[in-house]
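File shown here: my_file.cif, holding mmCIF, C-alpha atoms.
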data_target
loop_
_atom_site.label_atom_id
_atom_site.label_comp_id
_atom_site.auth_asym_id
_atom_site.auth_seq_id
_atom_site.Cartn_x
_atom_site.Cartn_y
_atom_site.Cartn_z
CA MET A 1 -33.77 9.22 -24.72
CA ARG A 2 -33.24 5.51 -24.17
CA GLY A 3 -32.06 3.76 -21.06
CA PRO A 4 -30.68 3.22 -18.71
CA TYR A 5 -29.61 -0.14 -20.01
CA PRO A 6 -26.78 -2.32 -18.66
CA VAL A 7 -23.38 -2.23 -20.33
CA GLU A 8 -21.63 -5.56 -19.96
CA PRO A 9 -17.83 -5.40 -20.04
CA PRO A 10 -16.32 -7.56 -22.77
CA GLU A 11 -14.60 -10.83 -21.87
CA THR A 12 -11.33 -9.53 -23.34
CA PHE A 13 -9.98 -6.12 -24.26
CA VAL A 14 -11.18 -4.81 -27.61
CA THR A 15 -8.58 -4.02 -30.26
CA GLY A 16 -10.86 -3.30 -33.23
CA ARG A 17 -12.59 0.01 -33.74
CA ASP A 18 -16.32 0.50 -33.39
CA ASP A 19 -17.36 4.17 -33.52
CA ARG A 20 -20.30 3.50 -31.21
CA TRP A 21 -17.74 2.90 -28.46
CA PHE A 22 -14.52 4.53 -29.66
CA GLY A 23 -13.97 8.26 -29.80
CA ARG A 24 -11.77 11.25 -29.18
CA PHE A 25 -13.35 12.00 -25.84
CA ARG A 26 -13.01 14.77 -23.32
CA LEU A 27 -14.13 12.54 -20.49
CA ARG A 28 -15.43 13.73 -17.15
CA PHE A 29 -15.90 11.54 -14.09
CA PRO A 30 -18.10 13.33 -11.52
CA GLN A 31 -18.25 11.29 -8.35
CA VAL A 32 -21.32 11.11 -6.15
CA SER A 33 -20.10 8.59 -3.55
CA PRO A 34 -18.26 8.23 -1.24
CA TRP A 35 -16.70 11.71 -1.74
CA PRO A 36 -19.10 13.83 -3.81
CA ASP A 37 -17.05 16.02 -6.12
CA ARG A 38 -17.35 17.25 -9.69
CA HIS A 39 -13.64 16.92 -10.50
CA TRP A 40 -12.21 14.09 -8.36
CA THR A 41 -13.19 10.45 -8.59
CA PHE A 42 -11.57 8.11 -6.08
CA ALA A 43 -12.10 4.51 -5.04
CA ARG A 44 -10.08 3.37 -2.05
CA VAL A 45 -7.97 0.27 -2.67
CA ARG A 46 -8.61 -2.41 -0.08
CA PRO A 47 -5.69 -2.87 2.37
CA GLY A 48 -3.15 -5.34 1.03
CA TRP A 49 -4.26 -5.06 -2.61
CA ARG A 50 -1.90 -2.33 -3.90
CA SER A 51 0.71 -4.70 -5.40
CA LEU A 52 -2.00 -6.66 -7.22
CA VAL A 53 -3.47 -3.43 -8.62
CA GLU A 54 0.00 -2.30 -9.77
CA GLU A 55 0.54 -5.63 -11.47
CA MET A 56 -2.86 -5.55 -13.16
CA LEU A 57 -2.32 -2.00 -14.47
CA SER A 58 1.07 -3.06 -15.83
CA VAL A 59 -0.38 -6.15 -17.56
CA VAL A 60 -3.23 -4.12 -19.04
CA ALA A 61 -0.82 -1.49 -20.40
CA THR A 62 1.06 -4.31 -22.15
CA GLU A 63 -2.08 -6.08 -23.35
CA VAL A 64 -3.56 -2.96 -24.94
CA PRO A 65 -0.56 -0.88 -26.09
CA GLY A 66 -1.11 2.71 -27.08
CA GLN A 67 -4.28 3.01 -25.00
CA VAL A 68 -4.61 6.12 -22.84
CA TRP A 69 -5.98 4.88 -19.54
CA PRO A 70 -7.65 7.63 -17.48
CA VAL A 71 -7.06 5.77 -14.20
CA TYR A 72 -4.15 6.25 -11.79
CA LEU A 73 -3.01 4.49 -8.63
CA LEU A 74 -2.23 7.04 -5.93
CA ASN A 75 -1.13 6.88 -2.30
CA GLN A 76 -2.29 9.39 0.31
CA GLY A 77 1.14 9.76 1.94
CA VAL A 78 3.16 9.96 -1.29
CA ASP A 79 0.75 11.71 -3.67
CA GLY A 80 -1.83 13.42 -1.46
CA LYS A 81 -0.03 16.71 -0.97
CA GLY A 82 1.06 17.12 -4.59
CA TRP A 83 -2.37 16.12 -5.91
CA GLU A 84 -4.10 18.12 -3.16
CA PHE A 85 -6.34 15.44 -1.71
CA ASP A 86 -6.76 14.34 1.89
CA LEU A 87 -9.02 11.30 2.11
CA GLY A 88 -7.46 9.03 4.67
CA PRO A 89 -4.33 7.86 6.51
CA PRO A 90 -0.89 8.03 4.83
CA GLU A 91 -0.91 4.32 3.96
CA ALA A 92 -4.24 4.54 2.08
CA ASN A 93 -4.13 3.83 -1.67
CA TYR A 94 -6.70 4.98 -4.21
CA LEU A 95 -7.67 4.43 -7.81
CA TYR A 96 -8.33 7.82 -9.32
CA TRP A 97 -10.36 8.27 -12.52
CA GLU A 98 -9.66 11.46 -14.46
CA GLN A 99 -8.55 12.56 -17.87
CA LEU A 100 -5.53 14.77 -17.34
CA SER A 101 -4.76 15.38 -21.00
CA ASP A 102 -7.02 17.43 -23.26
CA VAL A 103 -8.48 14.44 -25.09
CA CYS A 104 -8.46 10.69 -24.73
CA TYR A 105 -8.62 8.19 -27.59
CA ILE A 106 -10.31 5.22 -25.96
CA ASP A 107 -12.76 2.43 -26.52
CA MET A 108 -15.16 2.79 -23.60
CA ARG A 109 -15.66 -0.96 -23.46
CA ASN A 110 -11.98 -1.30 -22.52
CA LEU A 111 -12.39 1.23 -19.73
CA TYR A 112 -15.31 -0.75 -18.30
CA ARG A 113 -13.40 -4.02 -18.62
CA LEU A 114 -10.60 -2.41 -16.59
CA VAL A 115 -13.09 -1.14 -13.98
CA ASP A 116 -14.55 -4.64 -13.77
CA LEU A 117 -11.12 -6.24 -13.32
CA LEU A 118 -10.18 -3.74 -10.60
CA ALA A 119 -13.52 -3.86 -8.75
CA PRO A 120 -12.57 -6.68 -6.34
CA ALA A 121 -9.57 -4.61 -5.19
CA VAL A 122 -11.48 -1.45 -4.26
CA GLU A 123 -14.10 -0.32 -1.81
CA ASP A 124 -17.55 0.82 -2.93
CA ALA A 125 -17.75 3.83 -5.26
CA HIS A 126 -20.36 5.49 -7.48
CA PHE A 127 -19.56 7.86 -10.34
CA PHE A 128 -20.63 8.89 -13.83
CA VAL A 129 -18.75 9.13 -17.11
CA TYR A 130 -19.61 11.41 -19.98
CA SER A 131 -17.77 13.23 -22.72
CA MET A 132 -17.69 16.98 -23.22
CA GLY A 133 -16.96 16.94 -26.92
CA ASP A 134 -15.34 15.27 -29.92
CA GLY A 135 -16.96 11.96 -30.63
CA LEU A 136 -20.40 10.46 -30.32
CA ASP A 137 -21.39 12.41 -27.22
CA GLN A 138 -24.80 10.90 -26.98
CA TRP A 139 -24.49 8.97 -23.76
CA VAL A 140 -24.12 9.22 -20.00
CA ASP A 141 -22.78 6.20 -18.12
CA GLU A 142 -23.37 5.45 -14.45
CA VAL A 143 -20.68 3.30 -12.84
CA ARG A 144 -21.07 1.54 -9.50
CA ILE A 145 -18.59 -0.58 -7.63
CA ARG A 146 -20.27 -2.46 -4.82
CA ASP A 147 -19.02 -5.43 -2.83
CA GLY A 148 -16.17 -6.04 -5.28
CA ARG A 149 -18.38 -6.02 -8.39
CA SER A 150 -18.92 -3.37 -11.02
CA SER A 151 -21.99 -2.37 -12.97
CA VAL A 152 -22.47 0.19 -15.73
CA ALA A 153 -25.75 1.63 -17.01
CA ARG A 154 -26.02 3.87 -20.10
CA TRP A 155 -28.47 6.52 -21.25
CA THR A 156 -28.35 7.42 -24.92
CA VAL A 157 -29.80 10.51 -26.53
CA GLU A 158 -30.93 10.97 -30.10
CA GLY A 159 -29.57 13.95 -32.03
CA GLU A 160 -27.38 16.65 -30.50
CA ALA A 161 -27.06 15.43 -26.93
CA TRP A 162 -25.27 18.39 -25.37
CA THR A 163 -26.89 21.35 -27.12
CA ASP A 164 -29.58 21.80 -24.49
CA PHE A 165 -28.36 20.92 -20.99
CA PRO A 166 -31.48 22.09 -19.14
CA ALA A 167 -33.74 19.83 -21.23
CA LEU A 168 -31.36 16.88 -20.87
CA CYS A 169 -31.10 17.34 -17.10
CA ALA A 170 -34.87 17.67 -16.73
CA GLU A 171 -35.45 14.49 -18.72
CA LEU A 172 -32.88 12.57 -16.69
CA ALA A 173 -34.25 13.91 -13.40
CA VAL A 174 -37.71 12.52 -14.11
CA SER A 175 -36.30 9.01 -14.49
CA ARG A 176 -34.56 9.11 -11.10
CA ALA A 177 -36.71 11.38 -8.91
CA GLY A 178 -35.77 11.07 -5.25
CA ASP A 179 -32.34 9.49 -5.90
CA GLU A 180 -29.96 11.81 -4.02
CA ALA A 181 -26.79 10.48 -5.67
CA PHE A 182 -28.28 10.94 -9.13
CA GLU A 183 -29.46 14.45 -8.23
CA ARG A 184 -25.88 15.35 -7.23
CA PHE A 185 -24.72 14.18 -10.66
CA LEU A 186 -27.38 16.28 -12.41
CA THR A 187 -26.26 19.30 -10.39
CA PHE A 188 -22.68 18.77 -11.62
CA LEU A 189 -23.88 18.26 -15.19
CA SER A 190 -26.10 21.34 -15.26
CA ASP A 191 -23.35 23.53 -13.71
CA ARG A 192 -21.02 22.69 -16.62
#
Representation of the structure as structure tokens:
Amino acid sequence: MRGPYPVEPPETFVTGRDDRWFGRFRLRFPQVSPWPDRHWTFARVRPGWRSLVEEMLSVVATEVPGQVWPVYLLNQGVDGKGWEFDLGPPEANYLYWEQLSDVCYIDMRNLYRLVDLLAPAVEDAHFFVYSMGDGLDQWVDEVRIRDGRSSVARWTVEGEAWTDFPALCAELAVSRAGDEAFERFLTFLSDR
């Protein structure tokens, strides 16, 4: 295993295809902070930023056509009941990371560029991204949004990364002993 090493978002969205970054992923986004959950990943949009987030998502969809973006802008009052979440007052807005379709064709660098662009608009969050099949599933990415800035760190694994979850989890646990947020992620990963 190598890492973690920083993943820098590209300066612009990537339109070429590099199989180290592009795949047919079944992505999962287990969140460890601020709402620990294995299926839901939310970052609260700062008050007054919703229209800017909407505009950015619209521009990005135009700039990278055909891209499946596993991020949604939701409002507690409008979407909370239907999506079954209750995280704050009715006026609260959230960015929600999840892959609702079976698979997602995506260049992960573009996802991290989008996270980086949106980071100033959201409150602090901490989650992980990994794929459950189809593609080069030899990585686990840790994403943090703190004080309006994003950072991504990646672990890569040689060989068949997901054939032995207990060994993978044990190896990862050694590198982050005592880190409660990381231990919550490993619990989610090993329960898969």
| message | Here's the selection I'm unsure about, the PyMOL selection byres ((chain A and resi 120) around 10); applied to the file above, which residues does it give, as a PyMOL selection string? | response | chain A and resi 45-46+49+53+115-119+121-124+145-150
Given the selection you just returned, output its residues as a file containing C-alpha atoms, formatted as a PDB file, in the frame of the given file.
ATOM      1  CA  VAL A  45      -7.970   0.270  -2.670  1.00  0.00           C
ATOM      2  CA  ARG A  46      -8.610  -2.410  -0.080  1.00  0.00           C
ATOM      3  CA  TRP A  49      -4.260  -5.060  -2.610  1.00  0.00           C
ATOM      4  CA  VAL A  53      -3.470  -3.430  -8.620  1.00  0.00           C
ATOM      5  CA  VAL A 115     -13.090  -1.140 -13.980  1.00  0.00           C
ATOM      6  CA  ASP A 116     -14.550  -4.640 -13.770  1.00  0.00           C
ATOM      7  CA  LEU A 117     -11.120  -6.240 -13.320  1.00  0.00           C
ATOM      8  CA  LEU A 118     -10.180  -3.740 -10.600  1.00  0.00           C
ATOM      9  CA  ALA A 119     -13.520  -3.860  -8.750  1.00  0.00           C
ATOM     10  CA  ALA A 121      -9.570  -4.610  -5.190  1.00  0.00           C
ATOM     11  CA  VAL A 122     -11.480  -1.450  -4.260  1.00  0.00           C
ATOM     12  CA  GLU A 123     -14.100  -0.320  -1.810  1.00  0.00           C
ATOM     13  CA  ASP A 124     -17.550   0.820  -2.930  1.00  0.00           C
ATOM     14  CA  ILE A 145     -18.590  -0.580  -7.630  1.00  0.00           C
ATOM     15  CA  ARG A 146     -20.270  -2.460  -4.820  1.00  0.00           C
ATOM     16  CA  ASP A 147     -19.020  -5.430  -2.830  1.00  0.00           C
ATOM     17  CA  GLY A 148     -16.170  -6.040  -5.280  1.00  0.00           C
ATOM     18  CA  ARG A 149     -18.380  -6.020  -8.390  1.00  0.00           C
ATOM     19  CA  SER A 150     -18.920  -3.370 -11.020  1.00  0.00           C
TER      20      SER A 150
END
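When the PyMOL selection byres ((chain A and resi 74) around 8) is run on the displayed coordinates, the residues it returns are Tyr72, Leu73, Asn75, Gln76, Val78, Asp79, Gly80, Asn93, Tyr94, Leu95 and Tyr96 of chain A.
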| said: Could you check the closest approach to Val7 (chain A) for each of A:Val143, A:Met56, A:Ala61, A:Val68 and tell me which residue wins, using only C-alpha atoms? | reply: A:Val143
| query | From the list A:Met108, A:Glu142, A:Trp155, A:Arg184, which residue is nearest Glu171 (chain A) when using only C-alpha atoms? | reply | A:Trp155
| Hits of the PyMOL selection byres ((chain A and resi 110) around 12) in this structure, as a ChimeraX atom specification | /A:7-18,21-22,60-61,63-65,67-71,105-109,111-117
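Distances to Ser33 (chain A) were evaluated for A:Glu55, A:Val129, A:Arg144, A:Gly48 using only C-alpha atoms, and the minimum falls at A:Arg144.
The coordinates place CA of Leu172 (chain A) at 23.4 Å from CA of Glu98 (chain A).
The two atoms in question, CA of Ala43 (chain A) and CA of Pro30 (chain A), are spaced 12.5 Å apart.
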| request: Give as number ranges by chain the set of residues within 8 Å of the point (-19.4, 12.0, -5.4), where distances use the file's coordinates and only C-alpha atoms. | output: A: 30-38, 41, 126-127, 181, 184-185
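Note that the spacing between CA of Lys81 (chain A) and CA of Leu57 (chain A) amounts to 23.2 Å.
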Once 5 Å is added on each side, what centre and edge lengths in Å to one decimal does the axis-aligned box around all listed atoms of region 107-123 of chain A have, as lines of an AutoDock Vina configuration file?
center_x = -12.6
center_y = -1.9
center_z = -14.2
size_x = 16.1
size_y = 19.5
size_z = 34.7
